[in-house]
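Novice: Encoded as structure tokens, here's the structure I'll be asking about.
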Amino acid sequence: MVFLAPALLSTIFPMASIPPLRTEKDYSHESQQFAAVVRKLRQGAGLTLQALGDRSGLSISTLSKIENGQLSPTYETLLRLADGLQVDVTELFDASVAVAAASGRRSVTRRGQGLVHDTAQYQYELLSADLSRKQFVPLLTRLKAHDVAEFPRLSHHDGEEFLYVLSGTVELHTEHYAPIRLEEGDSCYFDSTMGHACVSAGQEDARILWISSRLDAVLKAAG
């Protein structure tokens with residue numbers, strides 16, 4: 001993994017030029033599209049809701065709500081879905097995503113053109129969504145939650161994560177550690193298997209660059 005110095009990151013992501021993520025009302029069409037893709041992947045794999053539930057660890061009611069566009073899954077749930085369907089996370093948004101060769105790949109995401117996914121606590125913009133089987137998932141994220149009580153529980157999944165604060169103040173909650181505040185330009189790397197949640201600590205929603213990796217061997221075993 002290539003690490004960039006904060007000064008270089010601030011050059012790449014100048015605060016004044018960070019485009020705002022789309023509002024929640026703009027997500028209605030994408031929610032239905034996402035639901036249709038998940039249904040298509042499940043049916044294409046010859047799985048019933050019960051079978052997918054058994055493979056993903058998600059309840060039938062949760063899967064049904066997702067497929068009917070009634071629920072925007074959290075990132076943890078997206079990972080469970082991907083595991084159960086044996087696909088890459090990005091394929092949940094576009095089943096036609098091609099699996100390119102491991103070498104010689106390149107992907108460009110123009111400003112504001114990433115795939116947006118809304119949850120109650122976060123608004124994600126998936127970058128380089130046209131590539132599947134990536135070694136890590138880059139996300140521009142707006143932290144909509146301002147209190148950890150807004151989360152039903154701390155999220156946890158395989159892999160490791162890195163976040164860099166683009167704007168605002170972030171309060172990171174994790175198992176085993178006291179909550180910590182991160183200001184613009186601060187960053188943190190942590191184990192994803194440890195329960196975690198990020199909230200905006202100021203009046204404005206904070207913006208972060210969030211990078212999530214996954215452990216391929218564990219995922220293959222889970223599939």
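By convention here, the chains of the structure tokens are called A, B, ... in the order presented, each chain's residues are numbered starting at 1, and ligands are numbered starting at 1 in the order presented.
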I need the residues of region 3-212 of chain A that end up classed as strand (DSSP E) by DSSP on the backbone, written out as a PyMOL selection string.

Specialist: chain A and resi 115-118+122-126+136-143+160-167+170-174+177-182+187-191+196-200+206-212

Novice: Write out as a ChimeraX atom specification each polymer residue whose atoms come within 8 Å of Ile180 (chain A), counting only C-alpha atoms; drop sequence neighbours fewer than 6 positions from it.

Specialist: /A:171-173

Novice: Enter the distance from CA of Gln86 (chain A) to CA of Ser64 (chain A), in Å, rounded to one decimal.

Specialist: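 Atom-to-atom, CA of Gln86 (chain A) to CA of Ser64 (chain A), that is 18.5 Å.
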
Novice: At most 12 Å is the cut-off: for each residue in region 62-123 of chain A with any atom that close to an atom of region 202-214 of chain A, write down the nearest atom pair and the distance in Å rounded to one decimal, counting only C-alpha atoms, chain first then increasing number, as CSV.

Specialist:
residue,atom,partner,partner_atom,distance
A:Tyr75,CA,A:Ser212,CA,10.0
A:Glu76,CA,A:Ser212,CA,11.0
A:Leu79,CA,A:Arg214,CA,9.4
A:Ala82,CA,A:Arg214,CA,11.9
A:Asp83,CA,A:Arg214,CA,11.3
A:Asp88,CA,A:Arg214,CA,10.8
A:Val89,CA,A:Arg214,CA,10.8
A:Gln121,CA,A:Asp205,CA,10.6
A:Tyr122,CA,A:Asp205,CA,9.7
A:Gln123,CA,A:Arg207,CA,9.6

Novice: Export, as a PDB file, in the first residue's frame, the selected residues with N, CA and C atoms.

Specialist:
ATOM      1  N   TYR A  75     -22.328  -0.542   5.514  1.00  0.00           N
ATOM      2  CA  TYR A  75     -21.170  -1.124   4.841  1.00  0.00           C
ATOM      3  C   TYR A  75     -20.950  -2.558   5.306  1.00  0.00           C
ATOM      4  N   GLU A  76     -21.142  -2.795   6.591  1.00  0.00           N
ATOM      5  CA  GLU A  76     -20.999  -4.156   7.118  1.00  0.00           C
ATOM      6  C   GLU A  76     -21.975  -5.100   6.438  1.00  0.00           C
ATOM      7  N   LEU A  79     -20.894  -5.963   2.939  1.00  0.00           N
ATOM      8  CA  LEU A  79     -19.860  -6.996   2.929  1.00  0.00           C
ATOM      9  C   LEU A  79     -20.474  -8.387   3.104  1.00  0.00           C
ATOM     10  N   ALA A  82     -22.105  -9.339  -0.164  1.00  0.00           N
ATOM     11  CA  ALA A  82     -21.085  -9.720  -1.148  1.00  0.00           C
ATOM     12  C   ALA A  82     -20.548 -11.115  -0.859  1.00  0.00           C
ATOM     13  N   ASP A  83     -20.336 -11.412   0.415  1.00  0.00           N
ATOM     14  CA  ASP A  83     -19.857 -12.744   0.792  1.00  0.00           C
ATOM     15  C   ASP A  83     -20.866 -13.819   0.410  1.00  0.00           C
ATOM     16  N   ASP A  88     -17.824  -9.191  -5.662  1.00  0.00           N
ATOM     17  CA  ASP A  88     -17.164  -8.029  -5.099  1.00  0.00           C
ATOM     18  C   ASP A  88     -18.218  -7.010  -4.676  1.00  0.00           C
ATOM     19  N   VAL A  89     -17.897  -6.198  -3.674  1.00  0.00           N
ATOM     20  CA  VAL A  89     -18.848  -5.199  -3.190  1.00  0.00           C
ATOM     21  C   VAL A  89     -19.347  -4.306  -4.318  1.00  0.00           C
ATOM     22  N   GLN A 121     -26.533   6.698   8.954  1.00  0.00           N
ATOM     23  CA  GLN A 121     -25.399   7.325   9.641  1.00  0.00           C
ATOM     24  C   GLN A 121     -24.354   7.928   8.700  1.00  0.00           C
ATOM     25  N   TYR A 122     -24.223   7.358   7.503  1.00  0.00           N
ATOM     26  CA  TYR A 122     -23.179   7.801   6.577  1.00  0.00           C
ATOM     27  C   TYR A 122     -23.755   8.022   5.178  1.00  0.00           C
ATOM     28  N   GLN A 123     -23.050   8.839   4.396  1.00  0.00           N
ATOM     29  CA  GLN A 123     -23.288   8.901   2.964  1.00  0.00           C
ATOM     30  C   GLN A 123     -21.948   8.620   2.295  1.00  0.00           C
TER      31      GLN A 123
END

Novice: So that I can check the surroundings of Tyr189 (chain A), please list as a CSV table (one decimal) with C-alpha atoms, in the first residue's frame every protein, DNA and RNA residue that reaches within 9 Å of it, counting only C-alpha atoms and ignoring chain neighbours fewer than 5 positions away.

Specialist:
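Saved the output as around13.csv:
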chain,number,residue,atom,x,y,z
A,160,GLU,CA,-8.3,-3.1,8.2
A,161,GLU,CA,-9.3,0.6,7.7
A,162,PHE,CA,-7.7,3.9,7.2
A,163,LEU,CA,-9.4,7.3,7.4

Novice: Contacts of Gly69 (chain A) at 12 Å or less, counting only C-alpha atoms, minus same-chain residues fewer than 3 places along, as an NGL selection string?

Specialist: :A and (27-39 or 62-66 or 72-73 or 118)

Novice: Residues as selected, N, CA and C atoms, written as a short mmCIF file (atom, residue, chain, number, x, y, z; two decimals), in the first residue's frame, can you do that?

Specialist:
data_model
loop_
_atom_site.label_atom_id
_atom_site.label_comp_id
_atom_site.auth_asym_id
_atom_site.auth_seq_id
_atom_site.Cartn_x
_atom_site.Cartn_y
_atom_site.Cartn_z
N TYR A 27 -31.08 10.04 -3.96
CA TYR A 27 -30.69 8.64 -3.90
C TYR A 27 -31.84 7.69 -4.24
N SER A 28 -33.07 8.16 -4.36
CA SER A 28 -34.21 7.27 -4.53
C SER A 28 -34.07 6.36 -5.75
N HIS A 29 -33.64 6.93 -6.89
CA HIS A 29 -33.47 6.12 -8.10
C HIS A 29 -32.37 5.09 -7.91
N GLU A 30 -31.25 5.51 -7.30
CA GLU A 30 -30.13 4.60 -7.09
C GLU A 30 -30.50 3.48 -6.12
N SER A 31 -31.37 3.78 -5.15
CA SER A 31 -31.82 2.77 -4.20
C SER A 31 -32.57 1.65 -4.93
N GLN A 32 -33.45 2.03 -5.85
CA GLN A 32 -34.19 1.04 -6.62
C GLN A 32 -33.26 0.26 -7.55
N GLN A 33 -32.29 0.95 -8.12
CA GLN A 33 -31.34 0.29 -9.00
C GLN A 33 -30.50 -0.72 -8.22
N PHE A 34 -30.06 -0.31 -7.03
CA PHE A 34 -29.29 -1.20 -6.17
C PHE A 34 -30.11 -2.44 -5.82
N ALA A 35 -31.39 -2.22 -5.45
CA ALA A 35 -32.27 -3.33 -5.09
C ALA A 35 -32.41 -4.31 -6.26
N ALA A 36 -32.54 -3.76 -7.48
CA ALA A 36 -32.70 -4.61 -8.66
C ALA A 36 -31.45 -5.43 -8.93
N VAL A 37 -30.28 -4.83 -8.72
CA VAL A 37 -29.02 -5.55 -8.95
C VAL A 37 -28.86 -6.70 -7.95
N VAL A 38 -29.17 -6.43 -6.69
CA VAL A 38 -29.06 -7.48 -5.67
C VAL A 38 -30.00 -8.64 -6.00
N ARG A 39 -31.23 -8.31 -6.39
CA ARG A 39 -32.20 -9.35 -6.75
C ARG A 39 -31.70 -10.16 -7.95
N THR A 62 -34.55 -8.71 6.35
CA THR A 62 -33.57 -7.70 5.94
C THR A 62 -33.32 -7.79 4.45
N LEU A 63 -33.13 -9.01 3.95
CA LEU A 63 -32.87 -9.20 2.52
C LEU A 63 -34.07 -8.76 1.69
N SER A 64 -35.27 -9.06 2.17
CA SER A 64 -36.47 -8.67 1.44
C SER A 64 -36.59 -7.15 1.37
N LYS A 65 -36.30 -6.46 2.47
CA LYS A 65 -36.36 -5.00 2.48
C LYS A 65 -35.32 -4.41 1.52
N ILE A 66 -34.14 -5.01 1.47
CA ILE A 66 -33.09 -4.53 0.57
C ILE A 66 -33.54 -4.69 -0.88
N SER A 72 -31.51 0.80 3.19
CA SER A 72 -30.18 1.11 2.68
C SER A 72 -29.17 0.42 3.59
N PRO A 73 -28.52 -0.66 3.14
CA PRO A 73 -27.65 -1.44 4.01
C PRO A 73 -26.39 -0.69 4.41
N ASP A 118 -26.36 5.74 0.48
CA ASP A 118 -26.81 6.41 1.70
C ASP A 118 -27.21 5.41 2.77
#

Novice: Within 10 Å of Ser155 (chain A), counting only C-alpha atoms, which residues show up once you throw out same-chain ones fewer than 2 positions away? Write them as a list in words, please.

Specialist: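 With the cut-off at 10 Å, the set is Thr74, Tyr75, Glu76, Thr77, Phe151, Pro152, Arg153, His157, Thr174, Ser192, Thr193, Met194, Gly195, His196, Ala197 and Cys198 of chain A.
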